[in-house]
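Pasting target_18.csv here (CSV, C-alpha atoms and all ligand atoms):
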chain,number,residue,atom,x,y,z
A,1,MET,CA,10.3,53.2,59.8
A,2,SER,CA,6.8,52.2,59.0
A,3,VAL,CA,5.1,49.4,61.0
A,4,ARG,CA,3.8,46.7,58.6
A,5,ILE,CA,0.5,45.1,59.6
A,6,LEU,CA,-0.5,42.0,57.6
A,7,ALA,CA,-4.2,41.6,57.2
A,8,LEU,CA,-5.6,38.0,56.9
A,9,VAL,CA,-9.3,37.7,55.9
A,10,GLY,CA,-11.3,34.6,56.8
A,11,SER,CA,-13.8,34.9,53.9
A,12,LEU,CA,-12.9,34.1,50.3
A,13,ARG,CA,-16.0,35.4,48.6
A,14,ALA,CA,-15.5,38.4,46.3
A,15,GLY,CA,-18.1,40.5,48.0
A,16,SER,CA,-16.9,39.7,51.6
A,17,HIS,CA,-17.7,42.4,54.1
A,18,ASN,CA,-14.7,41.3,56.1
A,19,ARG,CA,-12.5,41.8,53.0
A,20,GLN,CA,-14.1,45.3,52.7
A,21,LEU,CA,-13.3,45.9,56.4
A,22,ALA,CA,-9.7,45.0,55.6
A,23,GLU,CA,-9.7,47.3,52.5
A,24,ALA,CA,-10.9,50.1,54.8
A,25,ALA,CA,-8.0,49.4,57.2
A,26,VAL,CA,-5.6,49.6,54.3
A,27,LYS,CA,-7.0,53.1,53.5
A,28,LEU,CA,-7.2,54.2,57.1
A,29,ALA,CA,-3.7,53.3,58.2
A,30,PRO,CA,-2.0,56.4,59.7
A,31,GLU,CA,1.4,57.7,58.8
A,32,GLY,CA,4.0,55.4,60.2
A,33,ALA,CA,1.9,52.3,59.6
A,34,GLU,CA,0.8,50.3,56.6
A,35,VAL,CA,-1.8,47.6,56.4
A,36,VAL,CA,-1.1,45.0,53.7
A,37,LEU,CA,-4.0,42.7,52.6
A,38,TYR,CA,-2.8,39.1,52.1
A,39,GLU,CA,-4.2,37.7,48.9
A,40,GLY,CA,-3.0,34.1,48.8
A,41,LEU,CA,-5.1,32.3,51.4
A,42,ALA,CA,-7.3,30.5,48.9
A,43,ASP,CA,-4.3,28.7,47.4
A,44,VAL,CA,-3.0,27.3,50.7
A,45,PRO,CA,-3.8,23.5,50.9
A,46,PHE,CA,-5.2,21.9,54.1
A,47,TYR,CA,-2.4,21.6,56.7
A,48,ASN,CA,-0.8,18.2,56.5
A,49,GLU,CA,2.3,17.2,58.5
A,50,ASP,CA,3.4,14.9,55.7
A,51,ILE,CA,4.0,17.8,53.3
A,52,ASP,CA,5.3,20.1,56.1
A,53,VAL,CA,8.8,18.8,55.6
A,54,GLU,CA,11.8,20.4,54.0
A,55,GLY,CA,11.5,20.3,50.3
A,56,SER,CA,7.8,19.6,50.3
A,57,VAL,CA,6.2,22.6,51.8
A,58,PRO,CA,3.8,24.1,49.1
A,59,ALA,CA,4.9,27.4,47.7
A,60,SER,CA,1.6,29.0,48.9
A,61,ALA,CA,2.4,28.0,52.5
A,62,VAL,CA,6.0,29.2,52.2
A,63,ALA,CA,4.7,32.6,50.9
A,64,LEU,CA,2.2,32.9,53.8
A,65,ARG,CA,4.9,32.1,56.3
A,66,GLU,CA,7.2,34.6,54.8
A,67,ALA,CA,4.6,37.3,54.7
A,68,ALA,CA,3.7,36.7,58.3
A,69,GLY,CA,7.3,36.3,59.5
A,70,THR,CA,8.3,39.7,58.0
A,71,ALA,CA,5.3,41.6,59.2
A,72,ASP,CA,5.5,43.6,62.4
A,73,ALA,CA,2.0,42.6,63.5
A,74,LEU,CA,-1.0,40.8,62.1
A,75,LEU,CA,-4.7,41.8,61.9
A,76,PHE,CA,-7.2,39.0,61.4
A,77,PHE,CA,-10.6,39.8,60.0
A,78,SER,CA,-13.0,36.9,60.8
A,79,PRO,CA,-16.6,36.3,60.0
A,80,GLU,CA,-18.3,33.4,61.9
A,81,TYR,CA,-19.2,30.1,60.3
A,82,ASN,CA,-21.5,27.9,62.4
A,83,GLY,CA,-20.4,29.5,65.6
A,84,THR,CA,-16.6,29.4,65.0
A,85,ILE,CA,-13.6,30.2,62.8
A,86,PRO,CA,-14.0,29.7,59.1
A,87,ALA,CA,-11.8,26.9,57.9
A,88,VAL,CA,-9.6,29.1,55.7
A,89,LEU,CA,-8.5,31.2,58.6
A,90,LYS,CA,-7.9,28.2,60.9
A,91,ASN,CA,-5.9,26.5,58.2
A,92,ALA,CA,-3.7,29.6,57.9
A,93,ILE,CA,-3.1,29.6,61.6
A,94,ASP,CA,-2.2,25.9,61.6
A,95,TRP,CA,0.5,26.6,58.9
A,96,LEU,CA,1.7,29.6,60.8
A,97,SER,CA,1.9,27.6,64.0
A,98,ARG,CA,4.7,25.3,62.7
A,99,PRO,CA,7.6,24.6,63.2
A,100,TYR,CA,6.5,24.1,66.7
A,101,GLY,CA,7.8,26.8,69.0
A,102,ALA,CA,9.3,28.7,66.0
A,103,GLY,CA,6.3,29.4,63.7
A,104,ALA,CA,5.8,32.8,62.0
A,105,LEU,CA,3.3,33.8,64.7
A,106,SER,CA,5.8,33.3,67.6
A,107,GLU,CA,5.8,36.5,69.7
A,108,LYS,CA,4.0,38.4,66.9
A,109,PRO,CA,1.4,41.0,68.0
A,110,VAL,CA,-1.9,39.8,66.7
A,111,ALA,CA,-5.3,41.5,66.9
A,112,VAL,CA,-8.6,40.0,65.7
A,113,VAL,CA,-11.7,41.9,64.5
A,114,GLY,CA,-14.5,41.1,62.1
A,115,THR,CA,-18.1,41.3,61.1
A,116,ALA,CA,-20.9,38.7,60.8
A,117,PHE,CA,-24.6,38.7,60.1
A,118,GLY,CA,-25.6,37.6,63.6
A,119,GLN,CA,-26.4,39.9,66.5
A,120,PHE,CA,-22.9,39.5,68.1
A,121,GLY,CA,-20.9,40.2,65.0
A,122,GLY,CA,-19.0,36.9,65.0
A,123,VAL,CA,-17.6,37.2,68.5
A,124,TRP,CA,-17.3,33.4,69.0
A,125,ALA,CA,-15.2,33.1,65.9
A,126,GLN,CA,-13.0,36.1,66.9
A,127,ASP,CA,-12.6,34.7,70.4
A,128,GLU,CA,-11.7,31.3,69.0
A,129,THR,CA,-9.2,33.0,66.6
A,130,ARG,CA,-7.6,34.7,69.6
A,131,LYS,CA,-7.3,31.4,71.4
A,132,ALA,CA,-5.8,29.6,68.4
A,133,VAL,CA,-3.2,32.3,67.6
A,134,GLY,CA,-2.3,32.5,71.3
A,135,ILE,CA,-1.7,28.7,71.4
A,136,ALA,CA,0.4,29.2,68.2
A,137,GLY,CA,2.7,31.5,70.1
A,138,ALA,CA,1.4,35.0,69.1
A,139,LYS,CA,1.3,37.9,71.5
A,140,VAL,CA,-2.5,38.4,71.4
A,141,LEU,CA,-3.7,41.9,71.8
A,142,GLU,CA,-6.6,40.9,74.0
A,143,ASP,CA,-7.9,44.4,74.5
A,144,VAL,CA,-8.2,45.2,70.8
A,145,LYS,CA,-11.6,44.1,69.8
A,146,LEU,CA,-14.2,45.0,67.2
A,147,SER,CA,-17.2,42.7,66.3
A,148,ILE,CA,-19.7,44.4,64.0
A,149,PRO,CA,-23.1,42.7,63.9
A,150,GLY,CA,-25.6,42.6,61.0
A,151,SER,CA,-23.0,42.7,58.3
A,152,VAL,CA,-25.3,41.8,55.4
A,153,VAL,CA,-27.6,44.7,56.2
A,154,ARG,CA,-25.2,47.3,57.5
A,155,PHE,CA,-22.8,46.9,54.5
A,156,ALA,CA,-25.4,46.2,51.9
A,157,GLU,CA,-24.9,49.6,50.3
A,158,THR,CA,-22.2,51.2,52.4
A,159,HIS,CA,-18.6,50.2,52.2
A,160,PRO,CA,-17.1,50.0,55.7
A,161,ALA,CA,-14.7,52.8,54.7
A,162,ASP,CA,-17.6,55.1,54.2
A,163,ASP,CA,-19.3,54.2,57.4
A,164,ALA,CA,-18.1,56.9,59.8
A,165,GLU,CA,-18.6,54.9,63.0
A,166,VAL,CA,-16.8,51.8,61.6
A,167,ALA,CA,-14.0,53.9,60.1
A,168,ALA,CA,-13.4,55.5,63.5
A,169,GLN,CA,-13.4,52.1,65.2
A,170,LEU,CA,-11.0,50.7,62.7
A,171,THR,CA,-8.7,53.7,63.0
A,172,GLU,CA,-8.6,53.1,66.7
A,173,VAL,CA,-7.8,49.4,66.2
A,174,ILE,CA,-4.9,50.2,63.9
A,175,GLY,CA,-3.7,52.9,66.2
A,176,LEU,CA,-3.6,50.5,69.2
A,177,ILE,CA,-1.8,47.9,67.1
A,178,HIS,CA,0.7,50.5,66.0
A,179,GLY,CA,1.2,51.8,69.5
A,180,GLN,CA,1.7,48.3,71.0
A,181,THR,CA,4.0,47.2,68.2
A,182,THR,CA,6.3,50.2,68.4
A,183,ALA,CA,6.3,50.1,72.3
A,184,ALA,CA,7.4,46.4,72.1
A,185,ALA,CA,10.2,47.3,69.7
A,186,ALA,CA,11.5,50.2,71.9
A,201,LIG,C1,-21.4,28.4,56.3
A,201,LIG,C2,-21.9,29.7,56.9
A,201,LIG,C3,-22.1,29.7,58.3
A,201,LIG,C4,-22.5,30.8,59.0
A,201,LIG,N1,-22.6,30.8,60.3
A,201,LIG,C5,-22.8,32.0,61.0
A,201,LIG,C6,-22.7,32.1,62.4
A,201,LIG,O1,-22.5,31.1,63.1
A,201,LIG,N2,-22.9,33.3,63.0
A,201,LIG,C7,-23.1,34.4,62.2
A,201,LIG,O2,-23.3,35.5,62.8
A,201,LIG,N3,-23.2,34.4,60.9
A,201,LIG,C8,-23.0,33.2,60.2
A,201,LIG,N4,-23.1,33.2,58.9
A,201,LIG,C9,-23.4,34.4,58.1
A,201,LIG,C10,-22.1,35.2,58.0
A,201,LIG,O3,-21.9,36.0,59.1
A,201,LIG,C11,-22.3,36.2,56.8
A,201,LIG,O4,-22.5,35.4,55.6
A,201,LIG,C12,-21.1,37.1,56.6
A,201,LIG,O5,-21.4,38.1,55.8
A,201,LIG,C13,-19.9,36.4,56.1
A,201,LIG,O6,-18.8,37.2,56.1
A,201,LIG,P1,-18.3,37.8,54.7
A,201,LIG,O7,-19.2,38.9,54.3
A,201,LIG,O8,-16.9,38.4,55.0
A,201,LIG,O9,-18.2,36.8,53.6
A,201,LIG,C14,-22.7,32.0,58.2
A,201,LIG,C15,-22.5,32.0,56.8
A,201,LIG,C16,-22.1,30.8,56.2
A,201,LIG,C17,-21.8,30.9,54.7

Just give me the structure as structure tokens.
Ligand SMILES: Cc1cc2nc3c(=O)[nH]c(=O)nc-3n(C[C@H](O)[C@H](O)[C@H](O)COP(=O)(O)O)c2cc1C
Amino acid sequence: MSVRILALVGSLRAGSHNRQLAEAAVKLAPEGAEVVLYEGLADVPFYNEDIDVEGSVPASAVALREAAGTADALLFFSPEYNGTIPAVLKNAIDWLSRPYGAGALSEKPVAVVGTAFGQFGGVWAQDETRKAVGIAGAKVLEDVKLSIPGSVVRFAETHPADDAEVAAQLTEVIGLIHGQTTAAAA
């Protein structure tokens, strides 16, 4: 049975290099694993406990919870905004963290990678993302890391899937998630 890895991207812009990284991961998934790019994050409203009650949860948040809940693992792709997680990704984590103790991230293997323009590739945002998903109950794959600096220049004319070094790094990331997910299930 194939391991299903749900990819959440923390940038909504059409030309997002993090989105391109996720597209590359979709292409590079080895046999026995599939990476599915989640498309609905822009539609999820800001988390609000008043609407997170039975009968009032927005359909977009229900869909996100279902997609995460049925995935075997999640792979977050985060740029860095002002030294931390972009709001769209943090908002998704907040929705996935509830109900408290039983959210869709509970015990779910999660890895975080990404690219940003700065010289550290968004490592602060990716570290903060690991922290937040860990608090939300995920099993954070702390050793699976990839922060690619200089996004705007590096991927100006080359899609990450066509960048041999990045493709190899992403393949390794997916392989590690696959390995740890199947080991946990055995
Ligand atoms: C609001 C905003 C804040 C940003 N802050 C940072 C930052 O703190 N560190 C950094 O490396 N890049 C920062 N950048 C540049 C992003 O890394 C760059 O735009 C990146 O390509 C965004 O990812 P994307 O291509 O997936 O949209 C910022 C960009 C925006 C729009």

**Item:** Which of A:Asp50, A:Glu80, A:Glu157, A:Asp162 sits closest to ligand LIG 201 (chain A) [using all atoms listed in the file]
**Value:**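 Smallest separation from ligand LIG 201 (chain A) among the options: A:Glu80.
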
Could the residues of chain A that have an atom at most 9 Å from ligand LIG 201 (chain A) be listed as a tab-separated table, each with its closest atom pair and the distance in Å to one decimal, counting only C-alpha atoms and all ligand atoms and ordered by chain and ascending residue number?
residue	atom	partner	partner_atom	distance
A:Val9	CA	A:LIG201	O8	7.7
A:Gly10	CA	A:LIG201	O8	7.0
A:Ser11	CA	A:LIG201	O9	4.8
A:Leu12	CA	A:LIG201	O9	6.8
A:Arg13	CA	A:LIG201	O9	5.6
A:Ala14	CA	A:LIG201	O9	7.9
A:Gly15	CA	A:LIG201	O7	6.6
A:Ser16	CA	A:LIG201	O7	3.6
A:His17	CA	A:LIG201	O7	3.8
A:Asn18	CA	A:LIG201	O8	3.8
A:Arg19	CA	A:LIG201	O8	5.9
A:Gln20	CA	A:LIG201	O8	7.8
A:Leu21	CA	A:LIG201	O8	8.4
A:Phe77	CA	A:LIG201	O8	8.2
A:Ser78	CA	A:LIG201	O8	7.1
A:Pro79	CA	A:LIG201	O6	4.6
A:Glu80	CA	A:LIG201	C6	4.6
A:Tyr81	CA	A:LIG201	N1	3.5
A:Asn82	CA	A:LIG201	O1	3.4
A:Gly83	CA	A:LIG201	O1	3.6
A:Thr84	CA	A:LIG201	O1	6.4
A:Ile85	CA	A:LIG201	O1	9.0
A:Pro86	CA	A:LIG201	C1	8.0
A:Gly114	CA	A:LIG201	O8	8.0
A:Thr115	CA	A:LIG201	O6	6.5
A:Ala116	CA	A:LIG201	O3	3.3
A:Phe117	CA	A:LIG201	O3	3.9
A:Gly118	CA	A:LIG201	O2	3.2
A:Gln119	CA	A:LIG201	O2	6.5
A:Phe120	CA	A:LIG201	O2	6.7
A:Gly121	CA	A:LIG201	O2	5.7
A:Gly122	CA	A:LIG201	O2	5.0
A:Val123	CA	A:LIG201	O2	8.2
A:Trp124	CA	A:LIG201	O1	8.2
A:Ala125	CA	A:LIG201	O1	8.1
A:Pro149	CA	A:LIG201	O2	7.3
A:Gly150	CA	A:LIG201	O2	7.7
A:Ser151	CA	A:LIG201	O5	5.5
A:Val152	CA	A:LIG201	O5	5.4
A:Phe155	CA	A:LIG201	O7	8.8

**Polymer residues at most 6 Å from region 64-67 of chain A, only C-alpha atoms, same-chain spacing of 3 or more positions, as a list in words** =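 Contacts, with the query itself left out: Ala61, Thr70 and Ala104 of chain A.
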
**Prompt:** Nearest to Ala92 (chain A) among A:Ala68, A:Ala59, A:Leu41, A:Ile51, with distances taken over only C-alpha atoms: which residue is it?
**Reply:** A:Leu41

**Near-Ala33 (chain A) list (8 Å; only C-alpha atoms; drop same-chain fewer than 5 positions) as a ChimeraX atom specification** = /A:2-5,178

**Point-to-point distance from CA of Ala73 (chain A) to CA of Pro109 (chain A), Å rounded to tenths** =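 Separating CA of Ala73 (chain A) from CA of Pro109 (chain A) is a distance of 4.8 Å.
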
**Request:** State, in Å with one decimal place, the distance from CA of Ala22 (chain A) to CA of Leu37 (chain A).
**Result:**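 For CA of Ala22 (chain A) relative to CA of Leu37 (chain A), the distance reads 6.8 Å.
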
**Request:** Just give me the gap between CA of Tyr38 (chain A) and CA of Val62 (chain A) in Å, one decimal is fine.
**Result:** 13.2 Å

**Item:** Residue list as a ChimeraX atom specification for point (-1.0, 41.6, 61.1), cut-off 7 Å, only C-alpha atoms
**Value:** /A:5-7,71-76,110

**Prompt:** Of the residues A:Ala167, A:Ala132, A:Val35, A:Val57, which is the one nearest to Ile148 (chain A), using only C-alpha atoms?
**Reply:** A:Ala167

**Item:** From A:Lys108, A:Thr158, A:Asp163, A:Leu89, residue lying nearest Glu128 (chain A) [all atoms listed in the file]
**Value:** A:Leu89

**Request:** Between A:Ala111, A:Val166, A:Ala185, A:Ala102, single out the one closest to Leu141 (chain A), counting only C-alpha atoms.
**Result:**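 For Leu141 (chain A), the nearest of the given residues is A:Ala111.
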
**Complete:** Among A:Ile174, A:Tyr100, A:Val113, A:Gly179, Val26 (chain A) is approached most closely, using all atoms listed in the file, by A:Ile174

**Item:** Test item: which residues lie within 8 Å of (-1.9, 31.9, 48.3) counting all atoms listed in the file, as a list in words
**Value:**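 Residues satisfying the cut-off, written out: Glu39, Gly40, Leu41, Ala42, Asp43, Val44, Ser60, Ala61, Ala63 and Leu64 of chain A.
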